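Novice: Just one file: model05.tsv, with TSV, C-alpha atoms.
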```tsv
chain	number	residue	atom	x	y	z
A	926	MET	CA	0.00	0.00	0.00
A	927	LYS	CA	1.26	3.45	-0.90
A	928	TYR	CA	-0.06	6.46	0.97
A	929	LEU	CA	0.58	10.10	0.03
A	930	VAL	CA	0.03	13.33	1.93
A	931	THR	CA	0.10	16.70	0.18
A	932	GLY	CA	1.37	19.81	1.97
A	933	ALA	CA	3.35	17.57	4.27
A	934	THR	CA	5.72	20.29	5.50
A	935	GLY	CA	2.88	22.54	6.68
A	936	LYS	CA	1.72	22.83	10.28
A	937	LEU	CA	-1.12	20.32	9.93
A	938	GLY	CA	0.55	18.14	7.29
A	939	SER	CA	3.69	17.57	9.34
A	940	LYS	CA	1.60	16.42	12.29
A	941	ILE	CA	-0.38	14.03	10.08
A	942	VAL	CA	2.85	12.55	8.70
A	943	GLU	CA	4.12	11.89	12.21
A	944	GLU	CA	0.87	10.16	13.14
A	945	LEU	CA	0.97	7.96	10.04
A	946	LEU	CA	4.56	6.93	10.77
A	947	LYS	CA	3.38	5.51	14.09
A	948	SER	CA	1.31	2.95	12.16
A	949	ILE	CA	3.05	2.32	8.82
A	950	ASP	CA	6.60	1.90	7.63
A	951	ALA	CA	8.25	4.98	6.12
A	952	SER	CA	8.63	3.08	2.84
A	953	GLU	CA	4.82	3.01	2.49
A	954	LEU	CA	4.50	6.78	2.83
A	955	ALA	CA	5.07	9.42	0.17
A	956	VAL	CA	4.70	13.17	0.54
A	957	SER	CA	4.03	15.75	-2.14
A	958	VAL	CA	5.64	19.14	-1.45
A	959	ARG	CA	6.45	22.26	-3.46
A	960	ASN	CA	9.94	22.46	-1.98
A	961	PRO	CA	11.40	18.97	-1.51
A	962	GLU	CA	14.44	20.39	0.28
A	963	LYS	CA	12.15	21.36	3.16
A	964	ALA	CA	11.30	17.68	3.58
A	965	ALA	CA	14.92	16.51	3.71
A	966	SER	CA	14.51	15.16	7.24
A	967	LEU	CA	11.60	12.98	6.09
A	968	LYS	CA	13.67	11.65	3.21
A	969	GLU	CA	16.43	10.72	5.65
A	970	ARG	CA	13.85	8.68	7.58
A	971	GLY	CA	12.89	6.73	4.47
A	972	VAL	CA	9.79	8.66	3.38
A	973	ASP	CA	9.36	8.99	-0.38
A	974	VAL	CA	9.61	12.76	-0.92
A	975	ARG	CA	8.12	13.93	-4.23
A	976	HIS	CA	7.85	17.32	-5.89
A	977	GLY	CA	4.25	18.34	-6.35
A	978	ASP	CA	2.95	21.84	-6.99
A	979	PHE	CA	-0.80	22.42	-7.17
A	980	ASP	CA	-0.15	25.14	-9.75
A	981	GLN	CA	1.88	22.77	-11.96
A	982	PRO	CA	-0.36	19.79	-12.82
A	983	ASP	CA	2.44	17.91	-14.59
A	984	THR	CA	4.33	17.70	-11.29
A	985	LEU	CA	1.24	16.22	-9.66
A	986	ASP	CA	1.08	13.50	-12.32
A	987	GLU	CA	4.53	12.36	-11.19
A	988	ALA	CA	3.87	12.93	-7.50
A	989	PHE	CA	0.68	10.82	-7.46
A	990	LYS	CA	2.06	7.97	-9.58
A	991	GLY	CA	1.54	4.59	-7.92
A	992	VAL	CA	-0.37	6.10	-5.00
A	993	GLU	CA	-3.37	4.17	-3.70
A	994	ARG	CA	-4.58	6.31	-0.78
A	995	LEU	CA	-4.22	10.08	-1.04
A	996	LEU	CA	-4.77	12.82	1.52
A	997	ILE	CA	-5.29	16.26	-0.03
A	998	ILE	CA	-4.75	18.95	2.57
A	999	SER	CA	-6.57	22.14	1.59
A	1000	ALA	CA	-4.21	24.85	0.39
A	1001	ASP	CA	-3.85	28.43	1.59
A	1002	GLY	CA	-4.79	31.49	-0.43
A	1003	ASP	CA	-7.84	33.31	-1.71
A	1004	ASN	CA	-10.90	31.38	-2.80
A	1005	ASP	CA	-10.14	31.45	-6.54
A	1006	THR	CA	-6.58	30.22	-5.97
A	1007	ARG	CA	-7.69	27.39	-3.73
A	1008	ILE	CA	-10.41	26.29	-6.14
A	1009	ARG	CA	-7.92	26.17	-9.03
A	1010	GLN	CA	-5.28	24.33	-7.02
A	1011	HIS	CA	-7.65	21.80	-5.49
A	1012	THR	CA	-9.23	21.08	-8.86
A	1013	ASN	CA	-5.78	20.42	-10.31
A	1014	ALA	CA	-5.06	17.97	-7.50
A	1015	VAL	CA	-8.33	16.06	-7.95
A	1016	GLU	CA	-7.87	15.83	-11.72
A	1017	ALA	CA	-4.31	14.56	-11.25
A	1018	ALA	CA	-5.54	11.96	-8.76
A	1019	LYS	CA	-8.01	10.69	-11.33
A	1020	ARG	CA	-5.33	10.51	-14.03
A	1021	ALA	CA	-3.10	8.58	-11.62
A	1022	ASP	CA	-5.86	6.06	-10.83
A	1023	VAL	CA	-5.71	6.81	-7.12
A	1024	SER	CA	-8.12	4.46	-5.37
A	1025	PHE	CA	-9.08	6.66	-2.40
A	1026	ILE	CA	-9.02	10.37	-1.53
A	1027	ALA	CA	-9.34	11.95	1.89
A	1028	TYR	CA	-9.76	15.73	1.88
A	1029	THR	CA	-9.56	18.28	4.69
A	1030	SER	CA	-12.73	20.30	4.23
A	1031	LEU	CA	-14.68	22.74	6.42
A	1032	ALA	CA	-17.42	22.22	8.99
A	1033	ASP	CA	-20.82	21.70	7.35
A	1034	ALA	CA	-19.20	22.68	4.06
A	1035	THR	CA	-22.00	22.14	1.57
A	1036	ASP	CA	-24.59	24.08	3.60
A	1037	SER	CA	-22.26	26.62	5.20
A	1038	GLU	CA	-22.37	30.38	4.74
A	1039	ASN	CA	-18.87	30.69	6.20
A	1040	LEU	CA	-16.67	32.91	4.05
A	1041	MET	CA	-14.15	30.06	3.82
A	1042	ALA	CA	-16.70	27.57	2.47
A	1043	PRO	CA	-16.72	28.13	-1.34
A	1044	PRO	CA	-13.40	26.38	-2.17
A	1045	HIS	CA	-14.42	23.39	-0.06
A	1046	VAL	CA	-17.82	23.11	-1.73
A	1047	VAL	CA	-16.20	23.09	-5.18
A	1048	THR	CA	-13.50	20.64	-4.13
A	1049	GLU	CA	-15.95	18.21	-2.57
A	1050	GLU	CA	-18.04	18.34	-5.76
A	1051	ALA	CA	-14.95	17.69	-7.89
A	1052	ILE	CA	-14.02	14.67	-5.80
A	1053	VAL	CA	-17.55	13.25	-5.98
A	1054	GLU	CA	-17.63	13.78	-9.75
A	1055	SER	CA	-14.26	12.03	-10.11
A	1056	GLY	CA	-15.90	8.78	-9.03
A	1057	ILE	CA	-13.02	8.02	-6.67
A	1058	PRO	CA	-14.02	6.60	-3.27
A	1059	HIS	CA	-13.42	9.29	-0.70
A	1060	ALA	CA	-13.82	10.70	2.79
A	1061	PHE	CA	-14.36	14.34	3.65
A	1062	LEU	CA	-12.81	15.54	6.90
A	1063	ARG	CA	-14.94	18.56	7.71
A	1064	ASN	CA	-12.70	20.28	10.20
A	1065	ASN	CA	-14.03	22.95	12.51
A	1066	TRP	CA	-11.67	25.69	13.81
A	1067	TYR	CA	-8.06	25.10	14.80
A	1068	LEU	CA	-7.31	26.43	18.27
A	1069	GLU	CA	-3.97	27.52	16.78
A	1070	ASN	CA	-5.90	30.10	14.74
A	1071	GLU	CA	-6.34	32.06	17.97
A	1072	LEU	CA	-2.64	32.26	18.81
A	1073	PRO	CA	-2.19	35.87	17.56
A	1074	SER	CA	-5.05	37.02	19.81
A	1075	ILE	CA	-3.72	34.95	22.71
A	1076	GLN	CA	-0.29	36.51	22.27
A	1077	ALA	CA	-1.87	39.98	22.23
A	1078	VAL	CA	-3.55	39.18	25.55
A	1079	ILE	CA	-0.24	38.00	27.00
A	1080	ASP	CA	1.22	41.34	25.91
A	1081	GLY	CA	-1.49	43.19	27.82
A	1082	ALA	CA	-4.34	43.70	25.34
A	1083	PRO	CA	-7.96	42.68	25.98
A	1084	TRP	CA	-9.61	39.90	23.99
A	1085	ILE	CA	-11.25	41.74	21.10
A	1086	THR	CA	-14.22	40.12	19.37
A	1087	ALA	CA	-17.26	40.90	17.26
A	1088	ALA	CA	-18.54	37.32	17.26
A	1089	ARG	CA	-21.11	37.87	20.02
A	1090	ASP	CA	-22.52	34.54	21.24
A	1091	GLY	CA	-21.50	32.53	18.18
A	1092	LYS	CA	-20.12	29.14	19.12
A	1093	VAL	CA	-17.04	27.41	17.75
A	1094	GLY	CA	-15.89	23.78	17.93
A	1095	TRP	CA	-12.21	24.57	18.60
A	1096	ALA	CA	-9.69	21.74	18.71
A	1097	LEU	CA	-5.95	21.35	18.45
A	1098	GLN	CA	-4.34	20.59	15.10
A	1099	GLN	CA	-2.90	17.52	16.79
A	1100	ASP	CA	-6.42	16.17	17.29
A	1101	TYR	CA	-7.28	16.85	13.65
A	1102	ALA	CA	-4.01	15.22	12.58
A	1103	GLU	CA	-4.79	12.04	14.48
A	1104	ALA	CA	-8.27	11.94	12.99
A	1105	ALA	CA	-6.91	12.40	9.46
A	1106	SER	CA	-4.37	9.63	9.97
A	1107	ASN	CA	-7.04	7.27	11.26
A	1108	VAL	CA	-9.30	7.97	8.29
A	1109	LEU	CA	-6.53	7.56	5.72
A	1110	LEU	CA	-5.55	4.20	7.23
A	1111	LYS	CA	-9.12	2.93	7.47
A	1112	GLU	CA	-10.03	0.91	4.39
A	1113	GLN	CA	-13.45	0.16	2.91
A	1114	GLN	CA	-14.73	3.73	2.94
A	1115	ASP	CA	-16.69	5.34	0.15
A	1116	HIS	CA	-18.49	8.68	0.18
A	1117	ALA	CA	-17.81	9.13	3.92
A	1118	VAL	CA	-18.36	12.50	5.55
A	1119	TYR	CA	-16.92	13.18	8.99
A	1120	GLU	CA	-17.92	16.32	10.86
A	1121	LEU	CA	-14.93	16.96	13.12
A	1122	SER	CA	-15.93	19.52	15.73
A	1123	GLY	CA	-14.74	19.92	19.28
A	1124	PRO	CA	-17.15	20.82	22.11
A	1125	LEU	CA	-18.90	24.10	21.34
A	1126	HIS	CA	-17.70	27.24	23.11
A	1127	THR	CA	-18.35	30.98	22.95
A	1128	GLN	CA	-15.69	33.68	22.94
A	1129	GLN	CA	-16.39	34.18	26.66
A	1130	ASP	CA	-15.73	30.49	27.28
A	1131	LEU	CA	-12.40	30.84	25.49
A	1132	VAL	CA	-11.51	33.94	27.51
A	1133	ASP	CA	-12.41	32.17	30.76
A	1134	ALA	CA	-10.22	29.20	29.84
A	1135	LEU	CA	-7.37	31.54	28.91
A	1136	SER	CA	-7.77	33.35	32.24
A	1137	GLU	CA	-7.40	30.05	34.06
A	1138	VAL	CA	-4.25	29.13	32.16
A	1139	LEU	CA	-2.66	32.57	32.59
A	1140	GLY	CA	-3.66	32.82	36.22
A	1141	ARG	CA	-5.20	36.27	35.80
A	1142	GLU	CA	-8.44	37.76	34.57
A	1143	VAL	CA	-8.53	38.47	30.85
A	1144	MET	CA	-10.83	41.29	29.84
A	1145	MET	CA	-13.04	40.82	26.79
A	1146	GLN	CA	-13.92	43.79	24.60
A	1147	GLU	CA	-17.03	43.19	22.48
A	1148	LEU	CA	-17.29	45.38	19.39
A	1149	SER	CA	-19.58	45.86	16.44
A	1150	LEU	CA	-18.23	44.53	13.18
A	1151	GLU	CA	-17.56	48.07	12.02
A	1152	ALA	CA	-15.66	48.95	15.19
A	1153	TYR	CA	-13.76	45.66	14.96
A	1154	GLU	CA	-12.63	46.52	11.44
A	1155	GLU	CA	-11.50	49.98	12.55
A	1156	THR	CA	-9.57	48.47	15.46
A	1157	MET	CA	-7.79	46.06	13.15
A	1158	ARG	CA	-6.94	48.88	10.76
A	1159	GLY	CA	-5.64	50.88	13.69
A	1160	ALA	CA	-3.34	48.00	14.51
A	1161	GLY	CA	-1.75	48.45	11.10
A	1162	LEU	CA	-3.14	45.36	9.41
A	1163	PRO	CA	-3.52	45.40	5.60
A	1164	GLU	CA	-7.03	45.93	4.27
A	1165	GLU	CA	-7.27	42.40	2.83
A	1166	VAL	CA	-6.37	40.92	6.22
A	1167	VAL	CA	-8.90	43.16	7.96
A	1168	ALA	CA	-11.59	41.91	5.57
A	1169	ILE	CA	-10.74	38.27	6.28
A	1170	LEU	CA	-10.65	38.72	10.05
A	1171	ALA	CA	-13.92	40.62	10.07
A	1172	GLY	CA	-15.44	37.98	7.80
A	1173	ILE	CA	-14.41	35.25	10.23
A	1174	GLN	CA	-16.00	37.15	13.12
A	1175	ARG	CA	-19.19	37.58	11.08
A	1176	SER	CA	-19.21	33.89	10.15
A	1177	ILE	CA	-18.84	32.84	13.79
A	1178	ARG	CA	-21.58	35.28	14.81
A	1179	GLN	CA	-23.85	33.67	12.20
A	1180	GLY	CA	-23.30	30.24	13.76
A	1181	THR	CA	-21.49	28.67	10.80
A	1182	LEU	CA	-19.13	26.76	13.12
A	1183	GLU	CA	-21.81	25.66	15.57
A	1184	ILE	CA	-21.90	21.96	14.73
A	1185	HIS	CA	-24.00	19.87	17.12
A	1186	GLU	CA	-23.52	16.41	15.61
A	1187	SER	CA	-19.80	15.59	15.60
A	1188	ASP	CA	-17.93	12.45	14.53
A	1189	PHE	CA	-14.68	13.62	16.10
A	1190	GLU	CA	-14.45	11.37	19.14
A	1191	PRO	CA	-15.47	8.17	17.30
A	1192	VAL	CA	-12.85	8.89	14.62
A	1193	LEU	CA	-10.21	9.81	17.20
A	1194	GLY	CA	-11.00	6.90	19.48
A	1195	ARG	CA	-10.65	9.23	22.48
A	1196	PRO	CA	-12.11	12.50	23.78
A	1197	VAL	CA	-11.15	15.73	22.05
A	1198	THR	CA	-8.57	17.69	24.05
A	1199	PRO	CA	-10.52	20.06	26.35
A	1200	LEU	CA	-10.29	23.77	25.60
A	1201	GLN	CA	-8.30	24.76	28.67
A	1202	GLU	CA	-5.85	21.89	28.22
A	1203	GLY	CA	-5.47	22.79	24.56
A	1204	ILE	CA	-4.51	26.36	25.47
A	1205	ARG	CA	-2.13	25.06	28.09
A	1206	GLN	CA	-0.42	22.85	25.50
A	1207	LEU	CA	-0.13	25.71	23.01
A	1208	LEU	CA	1.51	27.91	25.63
A	1209	ASP	CA	3.50	25.01	27.13
A	1210	ARG	CA	2.19	25.76	30.63
```
Would you mind writing the structure in this file as structure tokens?
Specialist:
Amino acid sequence: MKYLVTGATGKLGSKIVEELLKSIDASELAVSVRNPEKAASLKERGVDVRHGDFDQPDTLDEAFKGVERLLIISADGDNDTRIRQHTNAVEAAKRADVSFIAYTSLADATDSENLMAPPHVVTEEAIVESGIPHAFLRNNWYLENELPSIQAVIDGAPWITAARDGKVGWALQQDYAEAASNVLLKEQQDHAVYELSGPLHTQQDLVDALSEVLGREVMMQELSLEAYEETMRGAGLPEEVVAILAGIQRSIRQGTLEIHESDFEPVLGRPVTPLQEGIRQLLDR
């Protein structure tokens, strides 16, 4: 059996690779990366490091050759870029006769109004239309996404939010990595959809957990979306970043990450890391 993980030098991809190597021999694992030199340590361990660039389909033809089970980790970038890149990857997988695709999607992707949803909707449709057996890993929100705000609090700022009472199923990337590894290794799946959401929490819940970890009260400043945008601009952030951050706050406020039926713990085989413990791990406290 030959497994392949795309984006294997990224934050999530590297964790998934480490999880897979706990269960399979390095000779069974290939990785597709834009810069193979960044995966030199994996090559030294016996992993098959291949050059694959989502913007260069011919490299994907070589990267996916002989692969039976493929994990496509969603790329970074604007929606149009991600749609193009993901489509290239799915088409290359079909040309390579890959027998199974797992894809890291977004919570409730097909019905979501989250601003991040469109590339995932298109990618899921492309995978279904390919006819290749597949599993969609509909990840909720990485707790790591909150690290810039957590660092700002450590530096003395309040927790700034415009999300109101919107709930999020935060979880550590490590939890998502273990789930992805388990799904990729599990055979006899076809058209599987896994909603991977941690326990639901509000911004206030997150602030309370952070207060416990830091050992001091963290103040939360609730703003309108307009005031939030102005605050981010005042912090010197570029306009495109301000738009994304405000869009995320709006999406959370609208409940797009409030997933009540989760497959996370059955896929993990253990409870999701609790919020406070997750923060403690991120801060190494």
Novice: I want to know what sits within 10 Å of range 1134-1147 of chain A, based on only C-alpha atoms, with residues of the same chain fewer than 2 positions away left out; could you give that as a VMD selection string?
Specialist: chain A and resid 1075 1078 to 1079 1081 to 1089 1128 to 1132 1149 to 1150 1152 to 1153 1199 to 1206 1208 1210
Novice: Please measure the separation of CA of Glu1164 in chain A and CA of Arg1007 in chain A, giving the value in Å to one decimal.
Specialist: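 One can read the CA of Glu1164 in chain A to CA of Arg1007 in chain A distance as 20.2 Å.
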Novice: Show me the residues around (-15.1, 8.6, 14.6) - criterion: an atom at most 10 Å away, only C-alpha atoms counted - as a list in words.
Specialist: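 Every polymer residue passing the test: Ala1104, Asn1107, Val1108, Tyr1119, Glu1120, Leu1121, Ser1187, Asp1188, Phe1189, Glu1190, Pro1191, Val1192, Leu1193, Gly1194 and Arg1195 of chain A.
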Novice: Work out how far CA of Ala933 in chain A is from CA of Thr1198 in chain A, in Å to one decimal.
Specialist: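 Calculated distance between CA of Thr1198 in chain A and CA of Ala933 in chain A is 23.1 Å.
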Novice: Which distance in Å separates CA of Asn1004 in chain A and CA of Gly1159 in chain A, to one decimal?
Specialist: 26.1 Å
Novice: Of the candidates A:Lys1111, A:His1126, A:His1011, A:Lys1092, which one gets nearest to Gln1174 in chain A if we count all atoms listed in the file?
Specialist: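 Ranked by minimum distance to Gln1174 in chain A, first place goes to A:Lys1092.
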Novice: So, with all atoms listed in the file as the atoms that count, which of A:Ile998, A:Thr934, A:Val1118, A:Ser1074 lies closest to Ser966 in chain A?
Specialist: A:Thr934
Novice: Would you please work out which residue, of A:Arg1158, A:Leu1109, A:Asp1090, A:Met926, is nearest to Leu1125 in chain A when using all atoms listed in the file?
Specialist: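 Selected residue with least distance to Leu1125 in chain A: A:Asp1090.
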Novice: Which is closest to Ala1027 in chain A among A:Asp1209, A:Asp1100, A:Glu1071, A:Glu1112, if we use only C-alpha atoms?
Specialist: A:Glu1112
Novice: Would you fill the gaps in range 932-958 of chain A so it has N, CA, C and O atoms, then print it as a compact mmCIF listing (two decimals), in the frame of the given file?
Specialist:
```txt
# COMPACT_ATOMS: atom_id res chain seq x y z
N GLY A 932 1.12 18.76 0.98
CA GLY A 932 1.37 19.81 1.97
C GLY A 932 1.98 19.28 3.25
O GLY A 932 1.69 19.77 4.35
N ALA A 933 2.87 18.30 3.11
CA ALA A 933 3.35 17.57 4.27
C ALA A 933 4.34 18.33 5.14
O ALA A 933 4.68 17.88 6.23
N THR A 934 4.82 19.49 4.67
CA THR A 934 5.72 20.29 5.50
C THR A 934 4.97 21.43 6.21
O THR A 934 5.59 22.21 6.94
N GLY A 935 3.67 21.52 6.01
CA GLY A 935 2.88 22.54 6.68
C GLY A 935 2.61 22.16 8.13
O GLY A 935 2.96 21.06 8.59
N LYS A 936 1.96 23.05 8.85
CA LYS A 936 1.72 22.83 10.28
C LYS A 936 0.84 21.61 10.53
O LYS A 936 1.14 20.79 11.41
N LEU A 937 -0.26 21.48 9.78
CA LEU A 937 -1.12 20.32 9.93
C LEU A 937 -0.50 19.10 9.26
O LEU A 937 -0.47 18.01 9.85
N GLY A 938 0.00 19.27 8.04
CA GLY A 938 0.55 18.14 7.29
C GLY A 938 1.67 17.45 8.02
O GLY A 938 1.75 16.21 8.02
N SER A 939 2.56 18.20 8.64
CA SER A 939 3.69 17.57 9.34
C SER A 939 3.21 16.74 10.51
O SER A 939 3.78 15.67 10.80
N LYS A 940 2.15 17.19 11.17
CA LYS A 940 1.60 16.42 12.29
C LYS A 940 0.94 15.13 11.79
O LYS A 940 1.05 14.07 12.42
N ILE A 941 0.26 15.22 10.65
CA ILE A 941 -0.38 14.03 10.08
C ILE A 941 0.68 12.99 9.69
O ILE A 941 0.52 11.79 9.95
N VAL A 942 1.76 13.45 9.08
CA VAL A 942 2.85 12.55 8.70
C VAL A 942 3.38 11.81 9.91
O VAL A 942 3.59 10.59 9.89
N GLU A 943 3.60 12.53 11.00
CA GLU A 943 4.12 11.89 12.21
C GLU A 943 3.15 10.85 12.76
O GLU A 943 3.56 9.79 13.24
N GLU A 944 1.86 11.14 12.68
CA GLU A 944 0.87 10.16 13.14
C GLU A 944 0.88 8.92 12.26
O GLU A 944 0.82 7.79 12.75
N LEU A 945 0.96 9.11 10.94
CA LEU A 945 0.97 7.96 10.04
C LEU A 945 2.18 7.08 10.29
O LEU A 945 2.09 5.84 10.24
N LEU A 946 3.32 7.69 10.57
CA LEU A 946 4.56 6.93 10.77
C LEU A 946 4.54 6.12 12.06
O LEU A 946 5.41 5.27 12.27
N LYS A 947 3.55 6.36 12.91
CA LYS A 947 3.38 5.51 14.09
C LYS A 947 2.73 4.18 13.73
O LYS A 947 2.80 3.22 14.50
N SER A 948 2.09 4.14 12.54
CA SER A 948 1.31 2.95 12.16
C SER A 948 1.83 2.24 10.92
O SER A 948 1.53 1.06 10.73
N ILE A 949 2.55 2.94 10.05
CA ILE A 949 3.05 2.32 8.82
C ILE A 949 4.54 2.56 8.69
O ILE A 949 5.10 3.48 9.29
N ASP A 950 5.18 1.74 7.89
CA ASP A 950 6.60 1.90 7.63
C ASP A 950 6.83 3.11 6.73
O ASP A 950 6.00 3.42 5.86
N ALA A 951 7.94 3.79 6.92
CA ALA A 951 8.25 4.98 6.12
C ALA A 951 8.25 4.67 4.63
O ALA A 951 7.91 5.54 3.82
N SER A 952 8.59 3.44 4.26
CA SER A 952 8.63 3.08 2.84
C SER A 952 7.25 3.08 2.20
O SER A 952 7.13 3.14 0.98
N GLU A 953 6.19 3.01 3.01
CA GLU A 953 4.82 3.01 2.49
C GLU A 953 4.28 4.42 2.32
O GLU A 953 3.20 4.61 1.75
N LEU A 954 5.01 5.41 2.81
CA LEU A 954 4.50 6.78 2.83
C LEU A 954 5.26 7.67 1.86
O LEU A 954 6.49 7.70 1.84
N ALA A 955 4.51 8.39 1.05
CA ALA A 955 5.07 9.42 0.17
C ALA A 955 4.47 10.76 0.57
O ALA A 955 3.37 10.83 1.12
N VAL A 956 5.21 11.81 0.30
CA VAL A 956 4.70 13.17 0.54
C VAL A 956 4.91 13.98 -0.72
O VAL A 956 5.89 13.81 -1.44
N SER A 957 3.95 14.86 -0.99
CA SER A 957 4.03 15.75 -2.14
C SER A 957 4.20 17.17 -1.61
O SER A 957 3.34 17.68 -0.88
N VAL A 958 5.32 17.81 -1.96
CA VAL A 958 5.64 19.14 -1.45
C VAL A 958 6.17 20.02 -2.56
O VAL A 958 6.81 19.54 -3.51
```
